[in-house]
Amino acid sequence: MEEMTSKERFINALEMKEVDRAPLGYLWFGAGNAVLDRMNASMKDVYYSARGIARAQILAREMYHHDNVMSPWGCLLVEAEALGVKIHVKDNAYPSIAEFPLKSAREYEKIDPRDMERSQRVRTIEESITLMKKELGDDAFICCATLTPVMLASQLMDGSRMCMEMIRDGDNLHSLLELLTESCIIFADRMLDAGADGIFAENGGSASDLFSPEMAREFGFKYTKELYSHIQDNGGYVISHNCASHAFHELELELKPDALNFAFGNVNTLKEQYGVECEKLHNHKNIGCSQRYCFRDFSNFQDSGICLMGNINPYTFSSGLVNDIASEVKACMAAAPDRGFILSTGCEIPLGTPAEEMEVLWDTMVSCL
């Protein structure tokens, strides 16, 4: 097969078509410190700079060989900042929330979705995508990272408070989520218009780690489905990211994204089907199971035309155990389907990962082809 561009390779995988090799997917700003060191810059230097974000992403692609670039980065606070969240920007780490704008769902009227159009932070991300599009053209797949509405709600008030509102004040929380869905749609539209090929949506709240299945469906699914459908109806691809240990994968399937970026698999189902303690094998101290039973468990996604994106354990990085990194890559490549697959980590690679470990990832992947 003739060699494809990165964008062609990525889109073909999303559309379940043939590829010349599996695409390598990049999440947020993985192993970013090595990139910043080469730029002689700090995270704080580039955080509010569209040119800095674009330069860092393009350089990361040159260093790590990924088929996509992504803006914004792992902080995922852009929409929240536009809607009134006060943040603390750090020199060499992702920013954190300093002050929530809402004390309860009853204050939902403080949220104005049009703030997405007025926000300088949103304009910065928009411009970074425009710059990457200008520089890369159609060579690489350009992602914009966003939040699902319920995840955004958890950033506008304390997360535990939001969970209590689901029980005590569901009506007002629904009113808030309607406004946040509109906000997310405005944000996504701006990024698509700027040149993004698709949206990488953080949906990790759809999990029994946080909610009951009934709560996840009532307060998450409806609004997330509206967002995903809108993006797809307007020509964008949707990659749904859910790295929770006990994710509601049946709801992810119903959302019908173009790809699911997953980490651990449905551990309860895996144990029932295969007798494998995958929760123990996929914990933060050990590499994943070499048999990759999680891929078998997700055959229904493949049957539904949904690409699988994963699921190298990111916690194998920054450990110095390069053999574990190689084992993870080989296990994923061996278990992956022939079509509809993007090799990536299940969540972001730690910022401090040495560039040499990223080379192990790439070299091992190439050796498996």
# chains A, B, ... in the order shown; residues from 1 in each chain; ligands from 1
call {"tool": "closest_atom_pairs", "arguments": {"of": "segment 243-323 of chain A", "to": "segment 181-204 of chain A", "cutoff": "8 Å", "atoms": "only C-alpha atoms", "output": "tab-separated table"}}
result
residue	atom	partner	partner_atom	distance
A:Cys243	CA	A:Gly204	CA	5.9
A:Ala244	CA	A:Gly204	CA	5.7
A:Ala247	CA	A:Gly204	CA	7.3
call {"tool": "write_last_selection", "arguments": {"atoms": "C-alpha atoms", "output": "PDB file, in the first residue's frame"}}
result
ATOM      1  CA  CYS A 243      -9.914   6.141  31.145  1.00  0.00           C
ATOM      2  CA  ALA A 244     -11.911   5.357  34.285  1.00  0.00           C
ATOM      3  CA  ALA A 247     -16.229   3.145  32.870  1.00  0.00           C
TER       4      ALA A 247
END
call {"tool": "residues_around", "arguments": {"residues": "His174 of chain A", "least_positions_apart": "5", "cutoff": "9 Å", "atoms": "only C-alpha atoms", "output": "number ranges by chain"}}
result
A: 105, 166, 169, 179, 218-219
call {"tool": "select_by_dssp", "arguments": {"residues": "segment 143-360 of chain A", "states": "strand (DSSP E or B)", "output": "number ranges by chain"}}
result
A: 143-147, 198-202, 207, 237-242, 247, 259-262, 307-312, 341-345
call {"tool": "write_last_selection", "arguments": {"atoms": "C-alpha atoms", "output": "PDB file, in the first residue's frame"}}
result
ATOM      1  CA  CYS A 143      -7.573  17.541  17.480  1.00  0.00           C
ATOM      2  CA  CYS A 144      -9.203  19.981  19.829  1.00  0.00           C
ATOM      3  CA  ALA A 145      -9.589  18.698  23.383  1.00  0.00           C
ATOM      4  CA  THR A 146     -12.822  19.504  25.180  1.00  0.00           C
ATOM      5  CA  LEU A 147     -14.996  18.397  28.081  1.00  0.00           C
ATOM      6  CA  GLY A 198     -12.025  16.362  15.234  1.00  0.00           C
ATOM      7  CA  ILE A 199     -12.809  16.773  18.911  1.00  0.00           C
ATOM      8  CA  PHE A 200     -11.185  14.713  21.665  1.00  0.00           C
ATOM      9  CA  ALA A 201     -13.782  14.747  24.436  1.00  0.00           C
ATOM     10  CA  GLU A 202     -13.002  13.993  28.075  1.00  0.00           C
ATOM     11  CA  ALA A 207     -18.093   5.683  35.368  1.00  0.00           C
ATOM     12  CA  TYR A 237     -14.840  13.396  14.141  1.00  0.00           C
ATOM     13  CA  VAL A 238     -15.441  12.555  17.815  1.00  0.00           C
ATOM     14  CA  ILE A 239     -12.963  10.651  19.961  1.00  0.00           C
ATOM     15  CA  SER A 240     -14.505   9.870  23.339  1.00  0.00           C
ATOM     16  CA  HIS A 241     -11.875   9.546  26.065  1.00  0.00           C
ATOM     17  CA  ASN A 242     -12.823   7.514  29.127  1.00  0.00           C
ATOM     18  CA  ALA A 247     -16.229   3.145  32.870  1.00  0.00           C
ATOM     19  CA  ALA A 259     -13.415   6.309  18.354  1.00  0.00           C
ATOM     20  CA  LEU A 260     -13.191   5.287  21.985  1.00  0.00           C
ATOM     21  CA  ASN A 261      -9.912   6.081  23.707  1.00  0.00           C
ATOM     22  CA  PHE A 262      -9.900   3.623  26.607  1.00  0.00           C
ATOM     23  CA  CYS A 307     -12.523   2.692  16.230  1.00  0.00           C
ATOM     24  CA  LEU A 308     -10.584   1.585  19.319  1.00  0.00           C
ATOM     25  CA  MET A 309      -7.796   3.878  20.503  1.00  0.00           C
ATOM     26  CA  GLY A 310      -5.530   2.615  23.248  1.00  0.00           C
ATOM     27  CA  ASN A 311      -4.437   1.272  25.558  1.00  0.00           C
ATOM     28  CA  ILE A 312      -0.779   1.413  26.562  1.00  0.00           C
ATOM     29  CA  PHE A 341      -7.390   0.850  15.617  1.00  0.00           C
ATOM     30  CA  ILE A 342      -5.140   3.715  16.770  1.00  0.00           C
ATOM     31  CA  LEU A 343      -2.250   2.889  19.071  1.00  0.00           C
ATOM     32  CA  SER A 344      -2.046   5.286  21.990  1.00  0.00           C
ATOM     33  CA  THR A 345      -1.807   5.418  25.733  1.00  0.00           C
TER      34      THR A 345
END
call {"tool": "atom_distance", "arguments": {"atom1": "atom CA of Phe221 of chain A", "atom2": "atom CA of Ser96 of chain A"}}
result
26.6 Å
call {"tool": "closest_residue", "arguments": {"among": "A:Tyr228, A:Cys332, A:Leu173, A:Leu180", "to": "Met215 of chain A", "atoms": "only C-alpha atoms"}}
result
A:Leu173
call {"tool": "residues_around", "arguments": {"residues": "segment 52-64 of chain A", "least_positions_apart": "3", "cutoff": "10 Å", "atoms": "only C-alpha atoms", "output": "ChimeraX atom specification"}}
result
/A:24,26,28-32,34-36,38-39,41,43,45-49,67-73,124-125,127-133,135-136,140,355-362
call {"tool": "atom_distance", "arguments": {"atom1": "atom CA of Ser299 of chain A", "atom2": "atom CA of Thr5 of chain A"}}
result
27.6 Å
call {"tool": "closest_atom_pairs", "arguments": {"of": "segment 182-255 of chain A", "to": "segment 265-271 of chain A", "cutoff": "8 Å", "atoms": "only C-alpha atoms", "output": "JSON lines"}}
result
{"residue": "A:Ser245", "atom": "CA", "partner": "A:Gly265", "partner_atom": "CA", "distance": 7.3}
{"residue": "A:His246", "atom": "CA", "partner": "A:Asn266", "partner_atom": "CA", "distance": 6.2}
{"residue": "A:Ala247", "atom": "CA", "partner": "A:Asn266", "partner_atom": "CA", "distance": 6.7}
{"residue": "A:Phe248", "atom": "CA", "partner": "A:Asn266", "partner_atom": "CA", "distance": 7.9}
{"residue": "A:His249", "atom": "CA", "partner": "A:Asn266", "partner_atom": "CA", "distance": 7.1}
call {"tool": "atom_distance", "arguments": {"atom1": "atom CA of Tyr108 of chain A", "atom2": "atom CA of Ser206 of chain A"}}
result
21.8 Å
call {"tool": "decode", "arguments": {"residues": "segment 224-255 of chain A", "atoms": "N, CA, C and O atoms", "output": "compact mmCIF listing (two decimals), in the first residue's frame"}}
result
# COMPACT_ATOMS: atom_id res chain seq x y z
N THR A 224 -24.17 14.74 26.58
CA THR A 224 -22.99 14.32 25.82
C THR A 224 -23.40 13.88 24.43
O THR A 224 -22.72 14.21 23.44
N LYS A 225 -24.51 13.16 24.33
CA LYS A 225 -24.99 12.71 23.01
C LYS A 225 -25.32 13.91 22.13
O LYS A 225 -25.01 13.92 20.93
N GLU A 226 -25.93 14.94 22.70
CA GLU A 226 -26.24 16.14 21.92
C GLU A 226 -24.96 16.78 21.40
O GLU A 226 -24.90 17.21 20.24
N LEU A 227 -23.94 16.86 22.24
CA LEU A 227 -22.66 17.45 21.83
C LEU A 227 -22.01 16.61 20.74
O LEU A 227 -21.59 17.15 19.70
N TYR A 228 -21.90 15.30 20.94
CA TYR A 228 -21.23 14.44 19.96
C TYR A 228 -21.96 14.49 18.62
O TYR A 228 -21.32 14.59 17.56
N SER A 229 -23.27 14.40 18.64
CA SER A 229 -24.05 14.40 17.40
C SER A 229 -23.86 15.72 16.65
O SER A 229 -23.75 15.75 15.42
N HIS A 230 -23.83 16.82 17.39
CA HIS A 230 -23.65 18.13 16.76
C HIS A 230 -22.29 18.19 16.06
O HIS A 230 -22.19 18.67 14.91
N ILE A 231 -21.24 17.72 16.72
CA ILE A 231 -19.91 17.75 16.13
C ILE A 231 -19.89 16.92 14.85
O ILE A 231 -19.38 17.36 13.80
N GLN A 232 -20.44 15.72 14.92
CA GLN A 232 -20.44 14.84 13.75
C GLN A 232 -21.30 15.40 12.62
O GLN A 232 -20.93 15.32 11.45
N ASP A 233 -22.43 16.00 12.96
CA ASP A 233 -23.30 16.58 11.94
C ASP A 233 -22.64 17.77 11.24
O ASP A 233 -23.05 18.15 10.14
N ASN A 234 -21.64 18.35 11.89
CA ASN A 234 -20.95 19.50 11.33
C ASN A 234 -19.55 19.16 10.81
O ASN A 234 -18.69 20.04 10.68
N GLY A 235 -19.36 17.89 10.48
CA GLY A 235 -18.17 17.47 9.76
C GLY A 235 -16.97 17.12 10.61
O GLY A 235 -15.89 16.87 10.07
N GLY A 236 -17.12 17.08 11.94
CA GLY A 236 -15.99 16.75 12.81
C GLY A 236 -16.06 15.31 13.30
O GLY A 236 -17.15 14.75 13.45
N TYR A 237 -14.91 14.72 13.53
CA TYR A 237 -14.84 13.40 14.14
C TYR A 237 -14.86 13.55 15.66
O TYR A 237 -14.39 14.55 16.19
N VAL A 238 -15.38 12.54 16.36
CA VAL A 238 -15.44 12.56 17.82
C VAL A 238 -14.66 11.37 18.37
O VAL A 238 -14.94 10.22 18.02
N ILE A 239 -13.67 11.67 19.20
CA ILE A 239 -12.96 10.65 19.96
C ILE A 239 -13.37 10.81 21.42
O ILE A 239 -13.12 11.85 22.03
N SER A 240 -14.05 9.82 21.96
CA SER A 240 -14.51 9.87 23.34
C SER A 240 -13.45 9.24 24.22
O SER A 240 -13.08 8.07 24.04
N HIS A 241 -12.93 10.03 25.18
CA HIS A 241 -11.87 9.55 26.06
C HIS A 241 -12.47 9.21 27.43
O HIS A 241 -13.05 10.06 28.10
N ASN A 242 -12.34 7.94 27.82
CA ASN A 242 -12.82 7.51 29.13
C ASN A 242 -11.82 6.51 29.69
O ASN A 242 -11.82 5.34 29.32
N CYS A 243 -10.97 6.99 30.58
CA CYS A 243 -9.91 6.14 31.14
C CYS A 243 -10.25 5.65 32.55
O CYS A 243 -9.38 5.16 33.26
N ALA A 244 -11.52 5.80 32.95
CA ALA A 244 -11.91 5.36 34.28
C ALA A 244 -11.76 3.84 34.43
O ALA A 244 -11.94 3.09 33.47
N SER A 245 -11.47 3.41 35.63
CA SER A 245 -11.29 1.97 35.88
C SER A 245 -12.59 1.21 35.68
O SER A 245 -12.58 0.04 35.28
N HIS A 246 -13.72 1.86 36.00
CA HIS A 246 -15.01 1.19 35.88
C HIS A 246 -15.93 2.04 35.01
O HIS A 246 -17.02 2.43 35.40
N ALA A 247 -15.47 2.31 33.80
CA ALA A 247 -16.23 3.15 32.87
C ALA A 247 -17.51 2.45 32.43
O ALA A 247 -17.58 1.21 32.35
N PHE A 248 -18.53 3.26 32.15
CA PHE A 248 -19.79 2.72 31.61
C PHE A 248 -19.65 2.60 30.10
O PHE A 248 -20.09 3.45 29.33
N HIS A 249 -19.01 1.51 29.68
CA HIS A 249 -18.73 1.37 28.25
C HIS A 249 -19.99 1.15 27.43
O HIS A 249 -20.02 1.47 26.24
N GLU A 250 -21.04 0.62 28.06
CA GLU A 250 -22.29 0.47 27.30
C GLU A 250 -22.85 1.84 26.93
O GLU A 250 -23.45 2.00 25.85
N LEU A 251 -22.65 2.85 27.78
CA LEU A 251 -23.09 4.20 27.44
C LEU A 251 -22.17 4.81 26.38
O LEU A 251 -22.64 5.55 25.50
N GLU A 252 -20.88 4.51 26.45
CA GLU A 252 -19.97 4.98 25.40
C GLU A 252 -20.40 4.42 24.05
O GLU A 252 -20.36 5.13 23.03
N LEU A 253 -20.80 3.18 24.03
CA LEU A 253 -21.24 2.56 22.78
C LEU A 253 -22.49 3.25 22.24
O LEU A 253 -22.60 3.52 21.03
N GLU A 254 -23.40 3.59 23.13
CA GLU A 254 -24.63 4.26 22.70
C GLU A 254 -24.37 5.68 22.20
O GLU A 254 -25.15 6.21 21.39
N LEU A 255 -23.31 6.30 22.66
CA LEU A 255 -22.97 7.65 22.21
C LEU A 255 -22.53 7.68 20.75
O LEU A 255 -22.57 8.72 20.10
